[in-house]
Structure formats: structure tokens, C-alpha cells
Amino acid sequence: RKQVSRESLPTGPSSVSSGSPQSAMSAALVYCPSYASYFGFLGAASALVFGNMGAAYGTWKSAVGMAAMAKLPRHRVQPEMVIKSMLPVIMAGVCGIYGLIIAVIIANTVDSAAYSLYSGYAHLGAGLAVGLSNLASGLSIGMCGDIGVRDSARQPKLYIGMVLIWSFASALGLYGLIVGLIIATKGDSTICGIDEA
């Protein structure tokens, strides 16, 4: 197997575009290795896994709070509050949807024929940004939903304040999705096709 010296490796795309076919092939090996897609798929998996973890925790804690309403006296619980208490469960489920969206976008962008390390790192960062943001959002919704549902059942006037708290907690996942979409579109694999010119 032919060894490539450090001096023969290109230092950037500009130095590759005017080089020989041998240097172009070396550039493809440096900037577009076969393991570059690993980072892209890792980013897609991270977004989905962490997002679903946040959604599962938020749903679980909010459902525990709803179940605790059954211990309250019947005359203290308004029937419509049971339906209103479903709101944190719905907000927690959105965390998994955000992770699914960015995971599908990243997975459809990964190309085994032409995929650069730059794109792999960008997709890994996008997946972690969305996944961890929605994990934090799910944790916040779950904790606030558990306590908020119980207190709202005892005192209905607290419901509006709880809705505001749940909304700001859910916004954390949306912030991560926006930044993740911006990062995911920064991928560029045009350097991988330079050896075909």
C-alpha cells in the first residue's frame, strides 16, 4: 500500500483545485474518508434518542401528576381540569417530534459516495444541539408538569401560570431545533467530487 507523506497532503481546497489528479485523489482521502458518514449517522441517532428520552420523561412525570389527582376529594377536582392537565403530556411529546425531524433530515443527507468530514461534523453538532435541547426541555416539562397538574387541581387559578411555565420549558426544544436546522444545512461535500473532474 502506497504511503502518503505529510508534505504531499493538501492544506486546503484552494491548493487542491489546481493540483494533479494524484493530489486530487489525496484530497478526497483526507477530506472525505470512508468513516465520515459515521459522524452524520451518530448525529441523527443522537437527535432521536435524546429527544425521545426527554419526551418519555416528560410524559411519565406529567402522567404521574394526573394520576395523583385521583387521590383528591371528588368535590375538589373540576372535571375540565382533567382534560386541561393533558397539556404538559402533549408538550413533552413534541420533544420527540423535533428529534425525529432533524434525524430524518440528517439521514437523508448522508451520502456514502460523497460525504466530507465537514458535513459529518456539522450533522453531529446539529443532532447533539437538537437532542440535548429537547432532553432538557422534557426534563423541565416533566418536573413542572408533575407539580403543576396537582396544584392546578387544588387551585384552578394557578392553571394560567402553569401554562406559561410549560410554554417556556417547551421553547427550549424549539430553540435547539432552529439552531440544529441552521447547522445541518451548512454541510458541504463538493470537495469530494474534485477527483472526478
# chains A, B, ... in the order shown; residues from 1 in each chain; ligands from 1
>>> residues_around(residues="Tyr57 (chain A)", least_positions_apart="4", cutoff="12 Å", atoms="only C-alpha atoms", output="mmCIF file with C-alpha atoms, in the first residue's frame")
data_model
loop_
_atom_site.group_PDB
_atom_site.id
_atom_site.type_symbol
_atom_site.label_atom_id
_atom_site.label_comp_id
_atom_site.auth_asym_id
_atom_site.auth_seq_id
_atom_site.Cartn_x
_atom_site.Cartn_y
_atom_site.Cartn_z
ATOM 1 C CA PHE A 50 -32.051 12.251 23.370
ATOM 2 C CA GLY A 51 -35.276 13.803 22.083
ATOM 3 C CA ASN A 52 -37.237 10.651 22.871
ATOM 4 C CA MET A 53 -35.614 10.447 26.298
ATOM 5 C CA LYS A 61 -43.823 12.707 35.191
ATOM 6 C CA SER A 62 -46.865 14.561 33.859
ATOM 7 C CA ALA A 63 -48.903 11.347 33.841
ATOM 8 C CA VAL A 64 -47.895 10.678 37.449
ATOM 9 C CA PRO A 88 -47.833 19.005 29.549
ATOM 10 C CA VAL A 89 -48.096 15.481 28.139
ATOM 11 C CA MET A 91 -45.786 19.378 25.050
ATOM 12 C CA ALA A 92 -43.476 16.592 26.156
ATOM 13 C CA GLY A 93 -44.379 14.546 23.089
ATOM 14 C CA CYS A 95 -39.708 16.911 22.057
ATOM 15 C CA GLY A 96 -39.628 13.550 20.323
ATOM 16 C CA ASN A 134 -35.103 18.558 23.832
ATOM 17 C CA LEU A 135 -33.782 16.362 26.628
ATOM 18 C CA ALA A 136 -33.525 19.454 28.832
ATOM 19 C CA SER A 137 -36.952 20.592 27.668
ATOM 20 C CA GLY A 138 -38.504 17.225 28.512
ATOM 21 C CA LEU A 139 -36.944 17.208 31.969
ATOM 22 C CA SER A 140 -38.267 20.691 32.646
ATOM 23 C CA ILE A 141 -41.761 19.917 31.361
ATOM 24 C CA GLY A 142 -41.890 16.716 33.378
ATOM 25 C CA MET A 143 -40.935 18.305 36.676
ATOM 26 C CA CYS A 144 -43.164 21.338 36.200
ATOM 27 C CA GLY A 145 -45.979 19.204 34.832
ATOM 28 C CA ASP A 146 -45.999 16.856 37.805
#
>>> closest_residue(among="A:Val163, A:Gly187, A:Gly54, A:Ala44", to="Tyr121 (chain A)", atoms="only C-alpha atoms")
A:Gly187
>>> residues_around(residues="Leu117 (chain A)", least_positions_apart="2", cutoff="7 Å", atoms="only C-alpha atoms", output="PyMOL selection string")
chain A and resi 31-32+36+115+119-121
>>> atom_distance(atom1="CA of Leu158 (chain A)", atom2="CA of Met69 (chain A)")
15.1 Å
>>> residues_around(residues="Ser37 (chain A)", least_positions_apart="2", cutoff="12 Å", atoms="only C-alpha atoms", output="PyMOL selection string")
chain A and resi 31-35+39-44+106-124+187+189
>>> closest_residue(among="A:Ala45, A:Met81, A:Ile97, A:Ile102", to="Val149 (chain A)", atoms="only C-alpha atoms")
A:Met81
>>> select_by_dssp(residues="chain A", states="alpha helix (DSSP H)", output="VMD selection string")
chain A and resid 13 to 17 21 to 31 36 to 68 79 to 84 87 to 109 117 to 154 159 to 184
>>> atom_distance(atom1="CA of Asp151 (chain A)", atom2="CA of Ser170 (chain A)")
19.7 Å
>>> closest_residue(among="A:Trp166, A:Tyr38, A:Tyr159, A:Tyr175", to="Gly131 (chain A)", atoms="only C-alpha atoms")
A:Tyr175
>>> atom_distance(atom1="CA of Val179 (chain A)", atom2="CA of Leu132 (chain A)")
12.1 Å
>>> decode(residues="region 75-129 of chain A", atoms="C-alpha atoms", output="short mmCIF file (atom, residue, chain, number, x, y, z; two decimals), in the first residue's frame")
data_model
loop_
_atom_site.label_atom_id
_atom_site.label_comp_id
_atom_site.auth_asym_id
_atom_site.auth_seq_id
_atom_site.Cartn_x
_atom_site.Cartn_y
_atom_site.Cartn_z
CA HIS A 75 -65.71 17.82 45.18
CA ARG A 76 -62.25 19.47 44.94
CA VAL A 77 -61.48 18.38 41.38
CA GLN A 78 -63.21 20.02 38.43
CA PRO A 79 -63.92 17.64 35.51
CA GLU A 80 -62.47 20.02 32.92
CA MET A 81 -59.16 20.17 34.79
CA VAL A 82 -58.54 16.53 33.90
CA ILE A 83 -58.59 17.40 30.19
CA LYS A 84 -56.56 20.56 30.73
CA SER A 85 -53.91 18.54 32.54
CA MET A 86 -53.12 16.75 29.27
CA LEU A 87 -51.26 19.84 28.04
CA PRO A 88 -47.83 19.00 29.55
CA VAL A 89 -48.10 15.48 28.14
CA ILE A 90 -48.66 16.91 24.66
CA MET A 91 -45.79 19.38 25.05
CA ALA A 92 -43.48 16.59 26.16
CA GLY A 93 -44.38 14.55 23.09
CA VAL A 94 -43.30 17.43 20.86
CA CYS A 95 -39.71 16.91 22.06
CA GLY A 96 -39.63 13.55 20.32
CA ILE A 97 -41.09 15.07 17.15
CA TYR A 98 -38.31 17.67 17.00
CA GLY A 99 -35.70 14.94 17.31
CA LEU A 100 -37.42 12.91 14.59
CA ILE A 101 -37.47 15.87 12.19
CA ILE A 102 -33.74 16.61 12.39
CA ALA A 103 -32.87 12.89 12.37
CA VAL A 104 -34.74 12.37 9.10
CA ILE A 105 -33.11 15.44 7.54
CA ILE A 106 -29.61 14.31 8.51
CA ALA A 107 -30.15 10.68 7.48
CA ASN A 108 -31.40 11.71 4.03
CA THR A 109 -28.36 13.97 3.54
CA VAL A 110 -25.71 11.35 4.30
CA ASP A 111 -24.23 10.03 1.04
CA SER A 112 -21.83 7.09 1.01
CA ALA A 113 -20.33 8.18 -2.32
CA ALA A 114 -19.54 11.81 -1.48
CA TYR A 115 -19.62 12.85 2.16
CA SER A 116 -16.99 15.07 3.75
CA LEU A 117 -15.78 15.33 7.32
CA TYR A 118 -17.06 18.90 7.38
CA SER A 119 -20.60 17.65 6.69
CA GLY A 120 -20.19 14.86 9.24
CA TYR A 121 -19.13 17.23 11.99
CA ALA A 122 -21.90 19.68 11.08
CA HIS A 123 -24.55 16.95 11.25
CA LEU A 124 -23.14 15.62 14.51
CA GLY A 125 -23.32 19.10 16.04
CA ALA A 126 -26.86 19.59 14.72
CA GLY A 127 -28.00 16.28 16.17
CA LEU A 128 -26.49 16.98 19.57
CA ALA A 129 -27.92 20.50 19.64
#
